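Asks: For reference, the file model_6.cif (mmCIF, C-alpha atoms) is included below:
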```cif
data_final
loop_
_atom_site.label_atom_id
_atom_site.label_comp_id
_atom_site.auth_asym_id
_atom_site.auth_seq_id
_atom_site.Cartn_x
_atom_site.Cartn_y
_atom_site.Cartn_z
CA MET A 1 127.59 -4.01 1.72
CA THR A 2 128.19 -6.81 -0.83
CA LEU A 3 131.08 -6.44 -3.26
CA LEU A 4 130.72 -8.03 -6.69
CA SER A 5 133.61 -9.29 -8.73
CA ASP A 6 134.41 -7.86 -12.14
CA ARG A 7 132.98 -10.97 -13.81
CA ASP A 8 129.63 -10.67 -11.98
CA GLN A 9 129.43 -6.97 -12.83
CA ASP A 10 130.02 -7.72 -16.52
CA GLN A 11 127.25 -10.38 -16.48
CA LEU A 12 124.80 -7.95 -14.89
CA GLN A 13 125.60 -5.32 -17.51
CA ASP A 14 125.17 -7.83 -20.36
CA GLN A 15 121.70 -8.89 -19.18
CA ALA A 16 118.83 -7.03 -20.86
CA PRO A 17 116.42 -5.28 -18.53
CA GLU A 18 113.31 -7.35 -17.78
CA VAL A 19 110.19 -5.98 -19.41
CA ARG A 20 107.17 -5.93 -17.14
CA ARG A 21 104.18 -7.63 -18.73
CA ASN A 22 100.68 -6.39 -18.04
CA THR A 23 98.57 -9.47 -17.36
CA ALA A 24 95.35 -7.46 -17.18
CA THR A 25 95.45 -6.29 -20.82
CA LEU A 26 94.26 -8.62 -23.56
CA ARG A 27 96.77 -8.62 -26.40
CA SER A 28 96.22 -9.73 -29.96
CA GLU A 29 98.78 -12.50 -29.39
CA ASP A 30 96.65 -13.85 -26.53
CA VAL A 31 93.57 -13.97 -28.75
CA LEU A 32 95.45 -15.77 -31.52
CA THR A 33 96.93 -18.20 -28.99
CA ALA A 34 93.47 -19.04 -27.60
CA ILE A 35 92.01 -19.49 -31.09
CA GLY A 36 94.90 -21.71 -32.17
CA ALA A 37 94.62 -23.84 -29.03
CA ALA A 38 90.85 -24.18 -29.51
CA VAL A 39 91.17 -25.25 -33.15
CA ALA A 40 93.94 -27.72 -32.33
CA ALA A 41 91.91 -29.12 -29.41
CA VAL A 42 88.85 -29.69 -31.60
CA CYS A 43 90.94 -31.40 -34.29
CA LEU A 44 92.74 -33.57 -31.73
CA THR A 45 89.46 -34.57 -30.08
CA ALA A 46 87.91 -35.44 -33.45
CA LEU A 47 90.96 -37.57 -34.25
CA ILE A 48 90.64 -39.38 -30.93
CA PHE A 49 86.88 -39.95 -31.21
CA TYR A 50 86.63 -41.03 -34.84
CA TRP A 51 89.94 -42.72 -35.65
CA ILE A 52 91.87 -43.74 -32.53
CA ALA A 53 89.40 -44.66 -29.76
CA PRO A 54 85.81 -45.95 -30.01
CA PHE A 55 84.30 -42.97 -28.20
CA SER A 56 81.02 -41.25 -28.99
CA GLY A 57 78.65 -38.71 -27.53
CA ALA A 58 78.45 -34.93 -27.67
CA LEU A 59 79.03 -34.46 -23.94
CA GLY A 60 82.21 -36.52 -23.95
CA PHE A 61 83.44 -34.68 -27.03
CA VAL A 62 82.97 -31.31 -25.32
CA VAL A 63 84.70 -32.43 -22.12
CA VAL A 64 87.71 -33.94 -23.91
CA ALA A 65 88.00 -30.93 -26.21
CA PHE A 66 87.94 -28.55 -23.24
CA VAL A 67 90.66 -30.50 -21.40
CA ALA A 68 92.78 -30.65 -24.56
CA PHE A 69 92.29 -26.92 -25.07
CA LEU A 70 93.56 -26.17 -21.57
CA ALA A 71 96.62 -28.38 -22.07
CA LEU A 72 97.52 -26.90 -25.46
CA TYR A 73 96.81 -23.37 -24.25
CA ALA A 74 99.13 -23.87 -21.27
CA VAL A 75 101.93 -25.12 -23.55
CA LEU A 76 101.57 -22.15 -25.90
CA LEU A 77 101.56 -19.71 -23.00
CA TRP A 78 104.65 -21.34 -21.50
CA LEU A 79 106.53 -20.80 -24.76
CA ASP A 80 105.72 -17.09 -24.69
CA GLY A 81 105.69 -16.05 -21.04
CA ASP A 82 106.89 -16.71 -17.54
CA GLY A 83 105.32 -18.70 -14.72
CA PRO A 84 103.01 -16.07 -13.18
CA SER A 85 101.77 -15.00 -16.60
CA VAL A 86 101.04 -18.60 -17.60
CA ARG A 87 99.12 -19.28 -14.38
CA ASP A 88 97.12 -16.07 -14.70
CA ARG A 89 96.11 -16.70 -18.31
CA LEU A 90 95.35 -20.36 -17.65
CA VAL A 91 93.10 -19.64 -14.68
CA SER A 92 91.36 -16.94 -16.70
CA ALA A 93 90.77 -19.42 -19.53
CA ILE A 94 89.35 -22.00 -17.10
CA VAL A 95 86.96 -19.50 -15.52
CA HIS A 96 85.76 -18.05 -18.82
CA GLY A 97 85.48 -21.51 -20.37
CA LEU A 98 83.32 -22.87 -17.55
CA ALA A 99 81.16 -19.76 -17.67
CA ALA A 100 80.71 -20.22 -21.42
CA LEU A 101 79.80 -23.89 -20.96
CA LEU A 102 77.16 -23.01 -18.36
CA LEU A 103 75.77 -20.28 -20.60
CA VAL A 104 75.59 -22.67 -23.54
CA ALA A 105 73.83 -25.27 -21.38
CA LEU A 106 71.30 -22.67 -20.18
CA VAL A 107 70.63 -21.43 -23.71
CA PHE A 108 70.25 -25.01 -24.92
CA VAL A 109 67.71 -25.91 -22.21
CA VAL A 110 65.67 -22.75 -22.76
CA SER A 111 65.77 -23.01 -26.55
CA PHE A 112 64.95 -26.72 -26.57
CA THR A 113 61.92 -26.23 -24.30
CA LEU A 114 60.61 -23.25 -26.26
CA ILE A 115 61.07 -24.96 -29.62
CA LYS A 116 59.36 -28.17 -28.51
CA GLY A 117 56.48 -26.26 -26.92
CA PHE A 118 56.12 -23.65 -29.65
CA SER A 119 53.51 -25.67 -31.53
CA ALA A 120 51.22 -25.52 -28.46
CA LEU A 121 52.06 -22.00 -27.32
CA VAL A 122 51.05 -20.38 -30.62
CA HIS A 123 47.40 -21.33 -30.09
CA PRO A 124 45.40 -18.90 -27.89
CA ASN A 125 43.30 -21.76 -26.49
CA PHE A 126 46.38 -23.03 -24.65
CA PHE A 127 46.04 -20.09 -22.23
CA THR A 128 42.23 -20.13 -21.94
CA GLU A 129 41.19 -23.82 -21.78
CA ASP A 130 41.85 -26.87 -19.64
CA LEU A 131 42.05 -30.56 -20.58
CA SER A 132 38.79 -31.76 -19.03
CA VAL A 133 37.16 -32.56 -22.39
CA THR A 134 40.33 -32.96 -24.46
CA GLY A 135 41.37 -36.44 -25.48
CA PRO A 136 44.91 -37.63 -26.21
CA LEU A 137 44.28 -37.54 -29.98
CA ALA A 138 42.73 -34.07 -29.99
CA PRO A 139 44.53 -31.42 -32.06
CA LEU A 140 46.45 -28.59 -30.45
CA THR A 141 43.61 -26.21 -31.24
CA GLU A 142 41.70 -27.86 -28.38
CA GLY A 143 42.62 -27.86 -24.69
CA GLY A 144 45.34 -25.97 -22.88
CA GLY A 145 47.19 -25.42 -19.63
CA LEU A 146 44.95 -22.89 -17.88
CA HIS A 147 44.14 -25.32 -15.05
CA ALA A 148 47.84 -25.83 -14.30
CA LEU A 149 48.63 -22.12 -14.45
CA VAL A 150 45.78 -21.22 -12.08
CA GLY A 151 46.75 -24.02 -9.71
CA THR A 152 50.36 -22.87 -9.60
CA LEU A 153 49.44 -19.25 -8.91
CA GLU A 154 46.97 -20.16 -6.15
CA GLN A 155 49.31 -22.62 -4.46
CA ILE A 156 52.24 -20.21 -4.54
CA GLY A 157 50.02 -17.39 -3.29
CA LEU A 158 48.87 -19.42 -0.28
CA ALA A 159 52.43 -20.58 0.36
CA LEU A 160 53.63 -16.97 0.39
CA LEU A 161 50.92 -16.02 2.89
CA ILE A 162 52.40 -18.64 5.21
CA THR A 163 56.08 -18.26 4.40
CA ILE A 164 56.55 -14.48 4.49
CA PRO A 165 55.44 -13.76 8.09
CA VAL A 166 56.92 -16.94 9.54
CA GLY A 167 60.18 -16.56 7.61
CA LEU A 168 60.66 -12.89 8.48
CA LEU A 169 59.93 -13.44 12.17
CA CYS A 170 62.32 -16.40 12.32
CA ALA A 171 65.04 -14.44 10.49
CA LEU A 172 64.61 -11.53 12.93
CA PHE A 173 64.81 -13.96 15.82
CA LEU A 174 68.07 -15.45 14.50
CA SER A 175 69.68 -12.09 13.69
CA GLU A 176 68.70 -10.19 16.85
CA LEU A 177 69.07 -12.80 19.59
CA ARG A 178 72.06 -14.80 20.77
CA GLY A 179 72.20 -17.98 22.76
CA PRO A 180 71.97 -21.77 22.47
CA PHE A 181 68.35 -21.85 21.28
CA PRO A 182 68.90 -19.49 18.29
CA ARG A 183 71.96 -21.55 17.35
CA LEU A 184 69.84 -24.71 17.46
CA VAL A 185 67.19 -23.09 15.27
CA ARG A 186 69.84 -21.93 12.78
CA THR A 187 71.26 -25.46 12.61
CA VAL A 188 67.81 -26.92 11.93
CA VAL A 189 67.14 -24.32 9.22
CA GLU A 190 70.45 -25.03 7.51
CA ALA A 191 69.74 -28.75 7.62
CA MET A 192 66.27 -28.25 6.12
CA THR A 193 67.73 -26.54 3.07
CA ALA A 194 68.88 -29.99 1.92
CA LEU A 195 65.52 -31.62 2.72
CA PRO A 196 64.25 -33.72 -0.22
CA SER A 197 60.97 -32.46 -1.55
CA ILE A 198 59.39 -35.90 -1.36
CA VAL A 199 59.96 -35.88 2.41
CA ALA A 200 58.12 -32.57 2.75
CA GLY A 201 55.24 -33.98 0.74
CA LEU A 202 55.11 -37.15 2.84
CA PHE A 203 55.12 -35.08 6.04
CA ILE A 204 52.10 -33.02 4.96
CA TYR A 205 50.40 -36.14 3.60
CA ALA A 206 50.85 -38.03 6.88
CA THR A 207 49.78 -35.14 9.11
CA VAL A 208 47.29 -32.94 7.26
CA LEU A 209 45.63 -35.56 5.06
CA LEU A 210 45.77 -38.73 7.17
CA ILE A 211 45.68 -37.44 10.75
CA PHE A 212 43.54 -34.30 10.39
CA GLY A 213 41.40 -35.70 7.59
CA PHE A 214 41.84 -32.97 4.97
CA GLU A 215 41.18 -33.92 1.36
CA PRO A 216 43.83 -33.53 -1.36
CA SER A 217 43.70 -29.89 -2.39
CA GLY A 218 45.76 -26.92 -3.40
CA PHE A 219 45.89 -25.78 0.23
CA ALA A 220 47.61 -29.01 1.28
CA ALA A 221 50.05 -28.56 -1.59
CA SER A 222 50.76 -24.99 -0.46
CA LEU A 223 51.62 -26.31 3.01
CA ALA A 224 54.13 -28.74 1.49
CA ILE A 225 55.56 -25.99 -0.70
CA SER A 226 55.88 -23.74 2.37
CA VAL A 227 58.01 -26.39 4.06
CA MET A 228 60.38 -26.22 1.08
CA MET A 229 60.35 -22.42 0.87
CA LEU A 230 60.88 -21.59 4.55
CA PRO A 231 64.57 -22.63 4.85
CA ILE A 232 65.52 -20.63 1.73
CA MET A 233 63.55 -17.63 2.95
CA ILE A 234 64.98 -17.73 6.49
CA ARG A 235 68.61 -18.15 5.46
CA ALA A 236 68.52 -15.42 2.81
CA ALA A 237 66.66 -13.00 5.10
CA ASP A 238 69.03 -13.74 7.99
CA VAL A 239 72.05 -12.86 5.85
CA VAL A 240 70.41 -9.63 4.68
CA LEU A 241 69.42 -8.55 8.19
CA ARG A 242 72.97 -9.08 9.42
CA LEU A 243 74.20 -6.59 6.79
CA VAL A 244 72.25 -3.71 8.34
CA PRO A 245 74.82 -1.21 9.74
CA GLY A 246 75.15 -1.37 13.50
CA HIS A 247 75.20 2.40 13.99
CA LEU A 248 71.58 2.60 12.83
CA LYS A 249 70.52 0.23 15.58
CA GLU A 250 72.66 2.07 18.12
CA ALA A 251 71.04 5.38 17.17
CA SER A 252 67.60 3.85 17.66
CA PHE A 253 68.59 2.43 21.04
CA ALA A 254 69.99 5.84 22.03
CA LEU A 255 66.57 7.38 21.34
CA GLY A 256 64.98 4.93 23.77
CA ALA A 257 63.49 2.44 21.30
CA SER A 258 63.16 -1.17 22.34
CA ARG A 259 64.81 -4.07 20.52
CA TRP A 260 61.70 -5.10 18.59
CA ARG A 261 60.72 -1.48 17.92
CA THR A 262 64.17 -1.00 16.40
CA ALA A 263 63.76 -4.15 14.34
CA TRP A 264 60.37 -3.02 13.02
CA THR A 265 61.18 0.63 12.27
CA VAL A 266 64.91 0.49 11.43
CA VAL A 267 66.14 -2.99 10.51
CA LEU A 268 63.28 -4.15 8.27
CA PRO A 269 62.95 -0.90 6.23
CA THR A 270 66.72 -0.75 5.72
CA ALA A 271 66.90 -4.35 4.52
CA ARG A 272 63.77 -4.12 2.35
CA PRO A 273 65.47 -4.75 -1.05
CA GLY A 274 67.32 -7.79 0.27
CA LEU A 275 64.19 -9.15 1.91
CA ALA A 276 62.33 -8.80 -1.39
CA THR A 277 65.10 -10.82 -3.02
CA ALA A 278 64.80 -13.50 -0.33
CA ILE A 279 61.06 -13.76 -0.92
CA ILE A 280 61.45 -14.04 -4.69
CA LEU A 281 64.20 -16.67 -4.43
CA ALA A 282 62.07 -18.73 -2.06
CA THR A 283 59.16 -18.40 -4.48
CA ALA A 284 61.34 -19.61 -7.35
CA ARG A 285 62.33 -22.58 -5.20
CA GLY A 286 58.76 -23.56 -4.43
CA ILE A 287 57.20 -22.92 -7.81
CA GLY A 288 59.02 -25.84 -9.41
CA GLU A 289 58.12 -28.55 -6.89
CA THR A 290 56.42 -31.64 -8.32
CA SER A 291 56.38 -34.54 -5.86
CA PRO A 292 54.84 -32.62 -2.90
CA VAL A 293 52.01 -31.44 -5.16
CA LEU A 294 51.40 -34.96 -6.46
CA LEU A 295 51.14 -36.37 -2.92
CA THR A 296 49.03 -33.59 -1.41
CA ALA A 297 46.95 -32.12 -4.25
CA GLY A 298 46.45 -35.08 -6.55
CA TYR A 299 46.01 -34.66 -10.29
CA THR A 300 43.14 -33.40 -12.40
CA LYS A 301 42.64 -32.23 -15.97
CA ALA A 302 39.85 -29.83 -15.04
CA LEU A 303 40.13 -26.23 -13.92
CA ASN A 304 39.69 -25.92 -10.14
CA THR A 305 39.75 -22.40 -8.74
CA ASP A 306 38.92 -23.53 -5.18
CA ALA A 307 42.23 -24.31 -3.53
CA PHE A 308 40.57 -25.77 -0.40
CA HIS A 309 38.45 -28.48 -2.03
CA ASP A 310 39.08 -31.15 -4.67
CA PRO A 311 42.37 -31.96 -6.43
CA GLN A 312 44.33 -29.22 -8.12
CA VAL A 313 47.26 -29.50 -10.51
CA SER A 314 50.30 -27.27 -10.96
CA LEU A 315 52.58 -26.55 -13.91
CA PRO A 316 55.42 -28.89 -12.86
CA LEU A 317 53.01 -31.76 -12.18
CA ALA A 318 51.14 -31.17 -15.44
CA THR A 319 54.44 -31.21 -17.30
CA PHE A 320 55.43 -34.47 -15.62
CA MET A 321 52.12 -36.16 -16.45
CA LEU A 322 51.81 -34.89 -20.02
CA ILE A 323 55.37 -35.51 -21.13
CA LYS A 324 55.02 -39.27 -20.47
CA SER A 325 52.33 -39.69 -23.12
CA PRO A 326 53.22 -41.38 -26.42
CA GLU A 327 50.98 -38.97 -28.34
CA PRO A 328 52.87 -36.07 -29.99
CA ASN A 329 50.17 -33.49 -29.28
CA VAL A 330 50.06 -34.36 -25.58
CA VAL A 331 53.86 -34.15 -25.43
CA ALA A 332 53.72 -30.74 -27.12
CA ARG A 333 51.26 -29.56 -24.44
CA GLY A 334 53.68 -30.84 -21.81
CA TYR A 335 56.51 -28.81 -23.30
CA GLY A 336 54.16 -25.83 -23.44
CA THR A 337 53.47 -26.05 -19.70
CA ALA A 338 57.20 -26.45 -19.10
CA ALA A 339 57.82 -23.29 -21.11
CA LEU A 340 55.24 -21.42 -19.01
CA LEU A 341 56.93 -22.60 -15.83
CA MET A 342 60.35 -21.65 -17.14
CA VAL A 343 59.16 -18.17 -18.08
CA LEU A 344 57.69 -17.66 -14.60
CA VAL A 345 60.94 -18.73 -12.93
CA LEU A 346 63.06 -16.54 -15.21
CA LEU A 347 60.80 -13.57 -14.49
CA LEU A 348 61.17 -14.15 -10.77
CA PHE A 349 64.96 -14.21 -10.99
CA VAL A 350 65.00 -11.08 -13.14
CA ILE A 351 62.80 -9.31 -10.60
CA ALA A 352 65.08 -10.51 -7.81
CA ARG A 353 68.06 -9.12 -9.69
CA LEU A 354 66.39 -5.76 -10.22
CA VAL A 355 64.97 -5.43 -6.72
CA GLY A 356 67.95 -6.84 -4.88
CA GLY A 357 70.62 -4.91 -6.75
CA ARG A 358 70.65 -2.27 -4.02
CA GLY A 359 72.34 -2.70 -0.69
CA PRO A 360 71.23 -1.49 2.71
CA GLN A 361 70.62 2.28 2.92
CA GLU A 362 70.82 2.56 -0.89
CA LEU A 363 67.75 4.41 -2.16
CA THR A 364 66.00 4.13 -5.49
CA PRO A 365 65.66 7.28 -7.66
CA ARG A 366 62.02 7.54 -6.60
CA GLN A 367 62.96 7.33 -2.93
CA ARG A 368 65.69 9.95 -3.40
CA ARG A 369 63.20 12.32 -5.04
CA ALA A 370 60.70 11.75 -2.24
CA ARG A 371 63.38 12.43 0.36
CA ALA A 372 64.44 15.61 -1.46
CA ARG A 373 60.84 16.86 -1.50
CA ALA A 374 60.46 16.10 2.20
CA SER A 375 63.71 17.96 2.94
CA ALA A 376 62.48 20.97 0.93
CA ARG A 377 59.22 21.02 2.87
CA ASP A 378 61.08 20.83 6.18
CA PHE A 379 63.42 23.64 5.13
CA ALA A 380 60.47 25.87 4.15
CA ARG A 381 58.74 25.13 7.44
CA PHE A 382 61.85 26.05 9.41
CA GLN A 383 62.15 29.30 7.47
CA ARG A 384 58.53 30.22 8.20
CA ARG A 385 58.98 29.39 11.85
CA GLU A 386 62.12 31.51 12.02
CA ALA A 387 60.42 34.42 10.25
CA SER A 388 57.40 34.36 12.57
CA ALA A 389 59.44 34.07 15.76
CA PRO A 390 59.63 37.36 17.77
CA VAL A 391 62.96 39.17 17.98
CA THR A 392 64.06 40.28 21.44
CA THR A 393 66.63 42.87 22.50
CA PRO A 394 69.41 42.09 24.93
CA ALA A 395 67.23 43.67 27.62
CA GLY A 396 64.47 41.13 26.93
CA GLU A 397 62.10 43.44 25.06
CA GLU A 398 60.33 42.10 21.97
CA ILE A 399 60.77 44.02 18.71
CA PRO A 400 57.72 43.78 16.41
#
```
Please rewrite the model in this file as structure tokens.

Replies:
Amino acid sequence: MTLLSDRDQDQLQDQAPEVRRNTATLRSEDVLTAIGAAVAAVCLTALIFYWIAPFSGALGFVVVAFVAFLALYAVLLWLDGDGPSVRDRLVSAIVHGLAALLLVALVFVVSFTLIKGFSALVHPNFFTEDLSVTGPLAPLTEGGGLHALVGTLEQIGLALLITIPVGLLCALFLSELRGPFPRLVRTVVEAMTALPSIVAGLFIYATVLLIFGFEPSGFAASLAISVMMLPIMIRAADVVLRLVPGHLKEASFALGASRWRTAWTVVLPTARPGLATAIILATARGIGETSPVLLTAGYTKALNTDAFHDPQVSLPLATFMLIKSPEPNVVARGYGTAALLMVLVLLLFVIARLVGGRGPQELTPRQRRARARASARDFARFQRREASAPVTTPAGEEIP
């Protein structure tokens, strides 16, 4: 037991009790502090850029203003709170500020592309015609991006026919088996996720086109796109399959099912939402490839619905070729194809978000209703079976 002197006891009594501050609640003072720091940061940055230092550029202005805001915000918080509170508010400001910057950048890219391509997108012929008979000086009422849209859909469709079975089988192999060979395969897959797209295009060009003698076509482009999609597909599917609860597999093994029977009837159905997300993310990765398509499919302004013969163009490649033109109408068509590509990618990510929002064993409302109906049918069948079963006495005699 520690004894305090009379002087120490008087000092403890004179001290006011410390008030606990809730760092999770946003106070009006915090909002005013953030607004004041933001206004001061913008004014200070403008002073630096236009009067003190010979700086220019919107990006530099935003970066300097954000750094100045953090510094001023930290000083204002330090005047009002203690150390933990200052750190908490400052980290929160950094996280929310970076998120806001990314959101602004995304909105800017989407808005800029849509605005620049709006003059081409408003014409119905953009979705129904190609550029085979359209010159560089032709108005926007002639020609369109149908050939690029059809080429993209066909190439991605063929790539999915290759990627889905191979990717799912490889992911099952990595998640179900252990040993040095699966570890080697996982290492190769992880390394291929950083593979430059031009290397994948050169690989298909050197093997399929030069060695085997295939002509540039949409099929060759789909092979190159599959090389880019497979690592994304395998890694995402492997992570999802590892999240399947172990007791489900153990129950299947206890019923006498083999390893691959368990994988087919238990693991894959349980991980179906996550696998759908993996497929959509891989598709979004492959749909934006440009250099592999240029090397393996060539370029054409005409509509080609045969993916196995003759050159075929895609939306990214059409955007790349059109945007380089000095003619304003051709550039507008390039931005229109870019807007189409962007809409397709955004739709894929929205679908991935909706489909993949459920975890393993989490059922959709439709699946829950179907399971409830099946349970009701089973219950009625059991009741009928119990009602029709004969009743016997303790002596073994049946009672009608």

Asks: Using all atoms listed in the file, which of the listed residues (A:Ala53, A:Ile287, A:Val31, A:Ala257) sits closest to Leu160 (chain A)?

Replies: A:Ile287

Asks: For each of A:Leu340, A:Ile351, A:Val166, A:Leu210, take the minimum atom-to-atom distance to Phe118 (chain A), counting all atoms listed in the file, then give the residue where this is smallest.

Replies: A:Leu340

Asks: Using CA of Phe173 (chain A) and CA of Ala237 (chain A) as the two end points, give the distance in Å to one decimal.

Replies: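 For CA of Phe173 (chain A) relative to CA of Ala237 (chain A), the distance reads 10.9 Å.
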
Asks: Step by step, work through what the PyMOL selection byres ((chain A and resi 184-200) around 6) selects in the shown file, and finish by giving those residues as an NGL selection string.

Replies: :A and (181-183 or 201-203 or 224 or 231 or 291-292)

Asks: Given the file above and the PyMOL selection byres ((chain A and resi 290) around 10), which residues are selected, and can you give them as a PyMOL selection string?

Replies: chain A and resi 197-198+201+221+225+286-289+291-295+313-320

Asks: Determine the residue membership of the PyMOL selection byres ((chain A and resi 136) around 12) for the file above and supply it as a PyMOL selection string.

Replies: chain A and resi 131-135+137-140+142-143+301+322-334

Asks: Find the distance between CA of Leu149 (chain A) and CA of Thr163 (chain A) and write it in Å to one decimal.

Replies: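 For CA of Leu149 (chain A) relative to CA of Thr163 (chain A), the distance reads 20.6 Å.
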
Asks: Return the single residue from A:Val122, A:Leu241, A:Leu70, A:Ala65 that is closest to Leu275 (chain A), with distances computed using all atoms listed in the file.

Replies: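 When distances to Leu275 (chain A) are compared using all atoms listed in the file, the smallest one comes from A:Leu241.
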
Asks: Provide the CA of Leu98 (chain A) to CA of Val63 (chain A) distance in Å, to one decimal place.

Replies: 10.7 Å
